[in-house]
file upload_23.cif (mmCIF, C-alpha atoms)
data_run
#
loop_
_atom_site.group_PDB
_atom_site.id
_atom_site.type_symbol
_atom_site.label_atom_id
_atom_site.label_comp_id
_atom_site.auth_asym_id
_atom_site.auth_seq_id
_atom_site.Cartn_x
_atom_site.Cartn_y
_atom_site.Cartn_z
ATOM 1 C CA MET A 1 -7.992 -7.335 53.383
ATOM 2 C CA GLY A 2 -11.498 -8.560 54.105
ATOM 3 C CA ASN A 3 -14.361 -6.732 55.726
ATOM 4 C CA VAL A 4 -13.067 -3.473 57.210
ATOM 5 C CA ILE A 5 -15.602 -3.611 60.056
ATOM 6 C CA ASP A 6 -14.291 -7.053 61.038
ATOM 7 C CA GLN A 7 -10.781 -5.606 60.888
ATOM 8 C CA ILE A 8 -11.811 -2.719 63.163
ATOM 9 C CA ASP A 9 -13.275 -5.233 65.629
ATOM 10 C CA ARG A 10 -9.991 -7.192 65.603
ATOM 11 C CA ALA A 11 -7.999 -3.974 66.082
ATOM 12 C CA VAL A 12 -10.185 -2.901 68.999
ATOM 13 C CA ASP A 13 -9.749 -6.352 70.596
ATOM 14 C CA MET A 14 -5.985 -6.351 70.045
ATOM 15 C CA THR A 15 -5.617 -2.906 71.526
ATOM 16 C CA ALA A 16 -7.885 -3.781 74.479
ATOM 17 C CA GLU A 17 -5.447 -6.521 75.457
ATOM 18 C CA ILE A 18 -2.536 -4.089 75.161
ATOM 19 C CA VAL A 19 -4.295 -1.351 77.149
ATOM 20 C CA ALA A 20 -5.127 -3.896 79.862
ATOM 21 C CA GLY A 21 -1.375 -4.454 80.266
ATOM 22 C CA ILE A 22 -0.474 -0.777 80.633
ATOM 23 C CA ARG A 23 0.696 -0.072 84.177
ATOM 24 C CA PRO A 24 0.762 3.323 85.921
ATOM 25 C CA ASN A 25 4.552 3.558 85.511
ATOM 26 C CA HIS A 26 4.138 3.173 81.724
ATOM 27 C CA LEU A 27 1.959 6.280 81.371
ATOM 28 C CA THR A 28 4.835 8.771 81.551
ATOM 29 C CA ALA A 29 7.125 6.846 79.181
ATOM 30 C CA PRO A 30 7.771 8.436 75.797
ATOM 31 C CA SER A 31 5.608 7.097 73.003
ATOM 32 C CA PRO A 32 6.802 6.312 69.468
ATOM 33 C CA CYS A 33 4.559 9.274 68.501
ATOM 34 C CA THR A 34 7.029 12.139 68.701
ATOM 35 C CA GLY A 35 6.395 14.463 71.632
ATOM 36 C CA TRP A 36 3.800 12.236 73.300
ATOM 37 C CA THR A 37 3.856 10.035 76.363
ATOM 38 C CA VAL A 38 2.015 6.711 76.557
ATOM 39 C CA ARG A 39 -0.801 8.543 78.357
ATOM 40 C CA ASP A 40 -0.973 11.211 75.629
ATOM 41 C CA GLU A 41 -1.201 8.577 72.908
ATOM 42 C CA LEU A 42 -3.777 6.525 74.784
ATOM 43 C CA ASN A 43 -5.812 9.692 75.404
ATOM 44 C CA HIS A 44 -5.658 10.528 71.678
ATOM 45 C CA LEU A 45 -6.792 7.004 70.801
ATOM 46 C CA VAL A 46 -9.675 6.963 73.302
ATOM 47 C CA GLY A 47 -10.797 10.447 72.253
ATOM 48 C CA GLY A 48 -10.638 9.490 68.585
ATOM 49 C CA MET A 49 -12.726 6.387 69.177
ATOM 50 C CA ARG A 50 -15.333 8.378 71.112
ATOM 51 C CA ILE A 51 -15.452 11.085 68.426
ATOM 52 C CA PHE A 52 -15.728 8.574 65.572
ATOM 53 C CA ALA A 53 -18.568 6.823 67.428
ATOM 54 C CA ALA A 54 -20.364 10.132 67.936
ATOM 55 C CA GLU A 55 -19.930 11.119 64.287
ATOM 56 C CA LEU A 56 -21.266 7.776 63.095
ATOM 57 C CA THR A 57 -24.294 7.878 65.383
ATOM 58 C CA GLY A 58 -25.084 11.585 65.072
ATOM 59 C CA THR A 59 -24.532 12.199 68.764
ATOM 60 C CA ASP A 60 -22.353 14.556 70.771
ATOM 61 C CA ALA A 61 -19.013 13.110 71.862
ATOM 62 C CA GLY A 62 -19.148 15.282 74.950
ATOM 63 C CA ALA A 63 -15.710 16.834 74.488
ATOM 64 C CA GLY A 64 -13.155 17.807 71.878
ATOM 65 C CA HIS A 65 -10.203 15.739 70.762
ATOM 66 C CA ASP A 66 -7.800 17.472 73.142
ATOM 67 C CA ALA A 67 -9.920 16.763 76.246
ATOM 68 C CA ASP A 68 -8.765 14.448 79.009
ATOM 69 C CA TRP A 69 -10.513 11.263 77.914
ATOM 70 C CA VAL A 70 -8.662 8.766 80.120
ATOM 71 C CA GLY A 71 -8.847 10.489 83.502
ATOM 72 C CA THR A 72 -7.501 8.334 86.303
ATOM 73 C CA ASP A 73 -8.619 4.991 84.848
ATOM 74 C CA PRO A 74 -7.211 4.410 81.355
ATOM 75 C CA GLN A 75 -8.461 0.825 81.139
ATOM 76 C CA THR A 76 -12.088 1.768 81.875
ATOM 77 C CA ALA A 77 -11.837 4.765 79.533
ATOM 78 C CA TYR A 78 -10.629 2.494 76.726
ATOM 79 C CA ALA A 79 -13.297 -0.140 77.466
ATOM 80 C CA THR A 80 -16.039 2.507 77.302
ATOM 81 C CA ALA A 81 -14.655 3.925 74.055
ATOM 82 C CA ALA A 82 -14.333 0.420 72.592
ATOM 83 C CA THR A 83 -17.964 -0.422 73.384
ATOM 84 C CA LEU A 84 -19.217 2.804 71.776
ATOM 85 C CA ASP A 85 -16.857 2.446 68.826
ATOM 86 C CA ARG A 86 -17.796 -1.158 68.105
ATOM 87 C CA ALA A 87 -21.530 -0.406 68.309
ATOM 88 C CA ALA A 88 -21.193 2.589 65.969
ATOM 89 C CA TRP A 89 -19.168 0.749 63.307
ATOM 90 C CA ASN A 90 -21.391 -2.322 63.445
ATOM 91 C CA ARG A 91 -24.556 -0.365 62.624
ATOM 92 C CA PRO A 92 -25.986 -1.552 59.277
ATOM 93 C CA ALA A 93 -25.513 1.829 57.563
ATOM 94 C CA ALA A 94 -22.095 2.726 59.001
ATOM 95 C CA LEU A 95 -20.217 2.398 55.713
ATOM 96 C CA ALA A 96 -22.954 4.246 53.811
ATOM 97 C CA SER A 97 -22.547 7.357 55.953
ATOM 98 C CA THR A 98 -20.118 10.240 55.659
ATOM 99 C CA VAL A 99 -17.871 11.138 58.556
ATOM 100 C CA ARG A 100 -16.618 14.605 59.427
ATOM 101 C CA LEU A 101 -12.950 14.531 60.404
ATOM 102 C CA GLY A 102 -10.558 17.305 61.351
ATOM 103 C CA PHE A 103 -9.432 17.712 57.741
ATOM 104 C CA GLY A 104 -12.835 17.334 56.064
ATOM 105 C CA THR A 105 -15.712 14.997 55.377
ATOM 106 C CA VAL A 106 -14.986 11.538 54.003
ATOM 107 C CA PRO A 107 -17.183 8.652 52.830
ATOM 108 C CA GLY A 108 -17.778 5.798 55.265
ATOM 109 C CA PRO A 109 -15.348 3.290 53.688
ATOM 110 C CA MET A 110 -12.473 5.804 53.772
ATOM 111 C CA ALA A 111 -13.397 6.829 57.329
ATOM 112 C CA ALA A 112 -13.334 3.158 58.320
ATOM 113 C CA LEU A 113 -9.863 2.698 56.827
ATOM 114 C CA ILE A 114 -8.591 5.842 58.565
ATOM 115 C CA HIS A 115 -10.074 4.649 61.844
ATOM 116 C CA LEU A 116 -8.624 1.164 61.427
ATOM 117 C CA THR A 117 -5.218 2.727 60.825
ATOM 118 C CA GLU A 118 -5.545 4.835 63.975
ATOM 119 C CA VAL A 119 -6.513 1.922 66.201
ATOM 120 C CA VAL A 120 -3.911 -0.480 64.807
ATOM 121 C CA VAL A 121 -0.970 1.930 64.655
ATOM 122 C CA HIS A 122 -1.601 3.490 68.065
ATOM 123 C CA GLY A 123 -2.260 0.065 69.565
ATOM 124 C CA VAL A 124 1.034 -1.214 68.185
ATOM 125 C CA ASP A 125 2.836 1.925 69.404
ATOM 126 C CA LEU A 126 1.523 1.208 72.895
ATOM 127 C CA ALA A 127 2.521 -2.468 72.659
ATOM 128 C CA VAL A 128 6.080 -1.626 71.642
ATOM 129 C CA VAL A 129 6.680 0.946 74.351
ATOM 130 C CA THR A 130 5.114 -1.183 77.130
ATOM 131 C CA ASP A 131 6.901 -4.421 76.148
ATOM 132 C CA GLN A 132 3.747 -6.158 74.946
ATOM 133 C CA GLU A 133 4.680 -6.960 71.355
ATOM 134 C CA HIS A 134 3.439 -10.518 71.989
ATOM 135 C CA ALA A 135 -0.133 -9.101 71.972
ATOM 136 C CA VAL A 136 0.113 -7.653 68.461
ATOM 137 C CA ASP A 137 -1.996 -9.195 65.678
ATOM 138 C CA HIS A 138 0.699 -9.625 63.021
ATOM 139 C CA ARG A 139 -1.681 -10.612 60.256
ATOM 140 C CA LEU A 140 -3.772 -7.484 60.870
ATOM 141 C CA CYS A 141 -0.595 -5.374 60.728
ATOM 142 C CA ASP A 142 0.589 -7.074 57.539
ATOM 143 C CA ASP A 143 -2.823 -6.642 55.869
ATOM 144 C CA LEU A 144 -3.028 -2.973 56.835
ATOM 145 C CA LEU A 145 0.512 -2.319 55.642
ATOM 146 C CA ALA A 146 -0.344 -3.816 52.246
ATOM 147 C CA VAL A 147 -3.376 -1.523 51.949
ATOM 148 C CA MET A 148 -1.380 1.546 53.007
ATOM 149 C CA ARG A 149 1.380 0.773 50.511
ATOM 150 C CA GLY A 150 -1.235 0.394 47.762
ATOM 151 C CA MET A 151 -2.682 3.880 48.180
ATOM 152 C CA ASP A 152 -1.373 7.427 47.841
ATOM 153 C CA PHE A 153 -0.214 7.662 51.433
ATOM 154 C CA ASP A 154 1.885 10.785 50.920
ATOM 155 C CA ALA A 155 -1.203 12.939 51.555
ATOM 156 C CA PHE A 156 -1.098 11.728 55.161
ATOM 157 C CA ARG A 157 2.618 12.357 55.613
ATOM 158 C CA ARG A 158 2.404 15.771 57.108
ATOM 159 C CA PRO A 159 3.130 17.118 60.582
ATOM 160 C CA GLY A 160 0.742 15.747 63.144
ATOM 161 C CA MET A 161 -0.285 12.688 61.160
ATOM 162 C CA PHE A 162 2.534 10.502 59.822
ATOM 163 C CA GLY A 163 6.169 11.244 59.211
ATOM 164 C CA PRO A 164 8.422 10.054 56.401
ATOM 165 C CA GLU A 165 8.812 6.314 56.077
ATOM 166 C CA ALA A 166 11.580 4.971 58.306
ATOM 167 C CA LEU A 167 13.677 1.934 57.467
ATOM 168 C CA PRO A 168 12.826 -1.123 59.545
ATOM 169 C CA SER A 169 15.541 -3.490 60.674
ATOM 170 C CA ILE A 170 16.159 -6.439 58.350
ATOM 171 C CA GLY A 171 13.788 -9.256 59.226
ATOM 172 C CA SER A 172 11.468 -7.011 61.248
ATOM 173 C CA PRO A 173 8.054 -8.482 62.087
ATOM 174 C CA ALA A 174 4.919 -7.052 60.453
ATOM 175 C CA HIS A 175 4.090 -4.653 63.279
ATOM 176 C CA ARG A 176 7.521 -3.040 63.177
ATOM 177 C CA ARG A 177 7.385 -2.732 59.372
ATOM 178 C CA LEU A 178 3.983 -1.061 59.770
ATOM 179 C CA LEU A 179 5.322 1.424 62.310
ATOM 180 C CA ALA A 180 8.334 2.160 60.108
ATOM 181 C CA PHE A 181 6.006 2.859 57.175
ATOM 182 C CA ALA A 182 4.046 5.195 59.463
ATOM 183 C CA GLY A 183 7.241 7.103 60.181
ATOM 184 C CA ARG A 184 8.042 5.763 63.623
ATOM 185 C CA GLU A 185 11.725 5.555 64.513
ATOM 186 C CA LEU A 186 12.089 2.493 66.730
ATOM 187 C CA GLN A 187 14.947 0.879 68.573
ATOM 188 C CA PRO A 188 15.694 -2.641 67.288
ATOM 189 C CA SER A 189 13.696 -5.334 69.088
#

call {"tool": "encode", "arguments": {"input": "upload_23.cif", "output": "structure tokens"}}
result
Amino acid sequence: MGNVIDQIDRAVDMTAEIVAGIRPNHLTAPSPCTGWTVRDELNHLVGGMRIFAAELTGTDAGAGHDADWVGTDPQTAYATAATLDRAAWNRPAALASTVRLGFGTVPGPMAALIHLTEVVVHGVDLAVVTDQEHAVDHRLCDDLLAVMRGMDFDAFRRPGMFGPEALPSIGSPAHRRLLAFAGRELQPS
């Protein structure tokens, strides 16, 4: 899959383009994440990026995961989170650190993979629901899917994380296969 930090940078860039295309009328649309709107999912993503950055740099994120991270300007909120996130992951010792997550402490490489998964999957969710599938990095999705399939992913298939694998439509592109693996039920494209 290559350098996970490079992959995170690509995921952050991909998702930045998608977030830039989110319009106010999109924010109340249902997300592929069950029970969430586009705004809820974007808020979760921005909060997660800010919290990961704080964990990696030993600083205070300023709020908990359930806080309102996007406020009235989702694009600026994402841009701020992306800047902090990128700087934190690109520190020389980022992969040598341990990161405290909601379910426990994990070594840097595993934290990086978890974070990459969050940014890619939520970014793709947002692209699908806002009709921006053209902005998805298919190679990144395909590479991540291969990694996820090669590990014991069942530990993550619990309420609040990922659901059971769904069946993608025949001939689905990489991003839709990735979302199906993550348990997203999607309408055919």

call {"tool": "resolve_selection", "arguments": {"input": "upload_23.cif", "expression": "the PyMOL selection byres ((chain A and resi 67) around 12)", "output": "mmCIF file with C-alpha atoms, in the coordinates of the input"}}
result
data_model
loop_
_atom_site.group_PDB
_atom_site.id
_atom_site.type_symbol
_atom_site.label_atom_id
_atom_site.label_comp_id
_atom_site.auth_asym_id
_atom_site.auth_seq_id
_atom_site.Cartn_x
_atom_site.Cartn_y
_atom_site.Cartn_z
ATOM 1 C CA ASP A 40 -0.973 11.211 75.629
ATOM 2 C CA ASN A 43 -5.812 9.692 75.404
ATOM 3 C CA HIS A 44 -5.658 10.528 71.678
ATOM 4 C CA LEU A 45 -6.792 7.004 70.801
ATOM 5 C CA VAL A 46 -9.675 6.963 73.302
ATOM 6 C CA GLY A 47 -10.797 10.447 72.253
ATOM 7 C CA GLY A 48 -10.638 9.490 68.585
ATOM 8 C CA ARG A 50 -15.333 8.378 71.112
ATOM 9 C CA ILE A 51 -15.452 11.085 68.426
ATOM 10 C CA ALA A 61 -19.013 13.110 71.862
ATOM 11 C CA GLY A 62 -19.148 15.282 74.950
ATOM 12 C CA ALA A 63 -15.710 16.834 74.488
ATOM 13 C CA GLY A 64 -13.155 17.807 71.878
ATOM 14 C CA HIS A 65 -10.203 15.739 70.762
ATOM 15 C CA ASP A 66 -7.800 17.472 73.142
ATOM 16 C CA ASP A 68 -8.765 14.448 79.009
ATOM 17 C CA TRP A 69 -10.513 11.263 77.914
ATOM 18 C CA VAL A 70 -8.662 8.766 80.120
ATOM 19 C CA GLY A 71 -8.847 10.489 83.502
#

call {"tool": "closest_residue", "arguments": {"input": "upload_23.cif", "among": "A:Pro32, A:Pro168, A:Pro24, A:Gly108", "to": "Asp73 of chain A", "atoms": "all atoms listed in the file"}}
result
A:Pro24

call {"tool": "resolve_selection", "arguments": {"input": "upload_23.cif", "expression": "the PyMOL selection byres ((chain A and resi 80-94) around 6)", "output": "list in words"}}
result
Val46, Met49, Arg50, Ala53, Leu56, Ala77, Tyr78, Ala79, Leu95, Ala96 and Ser97 of chain A

call {"tool": "resolve_selection", "arguments": {"input": "upload_23.cif", "expression": "the PyMOL selection byres ((chain A and resi 135) around 8)", "output": "PDB file with C-alpha atoms, keeping the file's coordinate frame"}}
result
ATOM      1  CA  MET A  14      -5.985  -6.351  70.045  1.00  0.00           C
ATOM      2  CA  GLU A  17      -5.447  -6.521  75.457  1.00  0.00           C
ATOM      3  CA  ILE A  18      -2.536  -4.089  75.161  1.00  0.00           C
ATOM      4  CA  ALA A 127       2.521  -2.468  72.659  1.00  0.00           C
ATOM      5  CA  GLN A 132       3.747  -6.158  74.946  1.00  0.00           C
ATOM      6  CA  GLU A 133       4.680  -6.960  71.355  1.00  0.00           C
ATOM      7  CA  HIS A 134       3.439 -10.518  71.989  1.00  0.00           C
ATOM      8  CA  VAL A 136       0.113  -7.653  68.461  1.00  0.00           C
ATOM      9  CA  ASP A 137      -1.996  -9.195  65.678  1.00  0.00           C
TER      10      ASP A 137
END

call {"tool": "atom_distance", "arguments": {"input": "upload_23.cif", "atom1": "atom CA of His115 of chain A", "atom2": "atom CA of Ile170 of chain A"}}
result
28.7 Å

call {"tool": "closest_residue", "arguments": {"input": "upload_23.cif", "among": "A:Leu144, A:Leu167, A:Ala11, A:Ile22", "to": "Leu42 of chain A", "atoms": "all atoms listed in the file"}}
result
A:Ile22

call {"tool": "atom_distance", "arguments": {"input": "upload_23.cif", "atom1": "atom CA of Asp9 of chain A", "atom2": "atom CA of Ser169 of chain A"}}
result
29.3 Å

call {"tool": "atom_distance", "arguments": {"input": "upload_23.cif", "atom1": "atom CA of Trp36 of chain A", "atom2": "atom CA of Leu101 of chain A"}}
result
21.3 Å

call {"tool": "residues_around", "arguments": {"input": "upload_23.cif", "residues": "Val129 of chain A", "least_positions_apart": "2", "cutoff": "8 Å", "atoms": "all atoms listed in the file", "output": "list of chain:residue names"}}
result
A:Ala29, A:Pro30, A:Ser31, A:Pro32, A:Val38, A:Asp125, A:Leu126, A:Ala127, A:Asp131, A:Gln132

call {"tool": "closest_residue", "arguments": {"input": "upload_23.cif", "among": "A:Gly183, A:Gly21, A:Gly163, A:Gly58", "to": "Val99 of chain A", "atoms": "only C-alpha atoms"}}
result
A:Gly58

call {"tool": "residues_around", "arguments": {"input": "upload_23.cif", "residues": "Ala166 of chain A", "least_positions_apart": "2", "cutoff": "8 Å", "atoms": "all atoms listed in the file", "output": "JSON, numbers by chain"}}
result
{"A": [164, 168, 180, 181, 182, 183, 184, 185]}

call {"tool": "decode", "arguments": {"input": "upload_23.cif", "residues": "segment 118-160 of chain A", "atoms": "C-alpha atoms", "output": "PDB file, in the first residue's frame"}}
result
ATOM      1  CA  GLU A 118     -11.778   7.066   8.811  1.00  0.00           C
ATOM      2  CA  VAL A 119     -10.750   9.791   6.383  1.00  0.00           C
ATOM      3  CA  VAL A 120     -11.171   7.667   3.254  1.00  0.00           C
ATOM      4  CA  VAL A 121     -14.456   5.983   4.176  1.00  0.00           C
ATOM      5  CA  HIS A 122     -16.122   9.134   5.501  1.00  0.00           C
ATOM      6  CA  GLY A 123     -14.800  11.131   2.556  1.00  0.00           C
ATOM      7  CA  VAL A 124     -16.253   8.594   0.137  1.00  0.00           C
ATOM      8  CA  ASP A 125     -19.551   8.554   2.062  1.00  0.00           C
ATOM      9  CA  LEU A 126     -19.743  12.322   1.627  1.00  0.00           C
ATOM     10  CA  ALA A 127     -18.861  12.071  -2.078  1.00  0.00           C
ATOM     11  CA  VAL A 128     -21.587   9.513  -2.741  1.00  0.00           C
ATOM     12  CA  VAL A 129     -24.348  11.390  -0.962  1.00  0.00           C
ATOM     13  CA  THR A 130     -23.425  14.785  -2.486  1.00  0.00           C
ATOM     14  CA  ASP A 131     -23.026  13.476  -6.060  1.00  0.00           C
ATOM     15  CA  GLN A 132     -19.265  13.973  -6.149  1.00  0.00           C
ATOM     16  CA  GLU A 133     -18.081  10.446  -6.904  1.00  0.00           C
ATOM     17  CA  HIS A 134     -15.862  11.940  -9.634  1.00  0.00           C
ATOM     18  CA  ALA A 135     -13.635  13.336  -6.831  1.00  0.00           C
ATOM     19  CA  VAL A 136     -12.903   9.939  -5.280  1.00  0.00           C
ATOM     20  CA  ASP A 137      -9.355   8.546  -5.481  1.00  0.00           C
ATOM     21  CA  HIS A 138     -10.134   5.041  -6.751  1.00  0.00           C
ATOM     22  CA  ARG A 139      -6.615   3.722  -6.339  1.00  0.00           C
ATOM     23  CA  LEU A 140      -6.565   4.849  -2.697  1.00  0.00           C
ATOM     24  CA  CYS A 141      -9.913   3.102  -2.147  1.00  0.00           C
ATOM     25  CA  ASP A 142      -8.723  -0.079  -3.857  1.00  0.00           C
ATOM     26  CA  ASP A 143      -5.476  -0.122  -1.840  1.00  0.00           C
ATOM     27  CA  LEU A 144      -7.302   0.435   1.445  1.00  0.00           C
ATOM     28  CA  LEU A 145      -9.855  -2.251   0.639  1.00  0.00           C
ATOM     29  CA  ALA A 146      -7.047  -4.745   0.005  1.00  0.00           C
ATOM     30  CA  VAL A 147      -5.496  -3.930   3.392  1.00  0.00           C
ATOM     31  CA  MET A 148      -8.847  -4.192   5.188  1.00  0.00           C
ATOM     32  CA  ARG A 149      -9.603  -7.545   3.566  1.00  0.00           C
ATOM     33  CA  GLY A 150      -6.164  -8.812   4.622  1.00  0.00           C
ATOM     34  CA  MET A 151      -6.690  -8.181   8.330  1.00  0.00           C
ATOM     35  CA  ASP A 152      -9.087  -9.440  10.989  1.00  0.00           C
ATOM     36  CA  PHE A 153     -11.683  -6.767  10.341  1.00  0.00           C
ATOM     37  CA  ASP A 154     -14.448  -8.482  12.300  1.00  0.00           C
ATOM     38  CA  ALA A 155     -13.203  -6.794  15.492  1.00  0.00           C
ATOM     39  CA  PHE A 156     -14.356  -3.492  13.993  1.00  0.00           C
ATOM     40  CA  ARG A 157     -17.760  -4.785  12.923  1.00  0.00           C
ATOM     41  CA  ARG A 158     -19.703  -3.725  15.930  1.00  0.00           C
ATOM     42  CA  PRO A 159     -22.379  -1.088  16.477  1.00  0.00           C
ATOM     43  CA  GLY A 160     -21.033   2.392  16.008  1.00  0.00           C
TER      44      GLY A 160
END
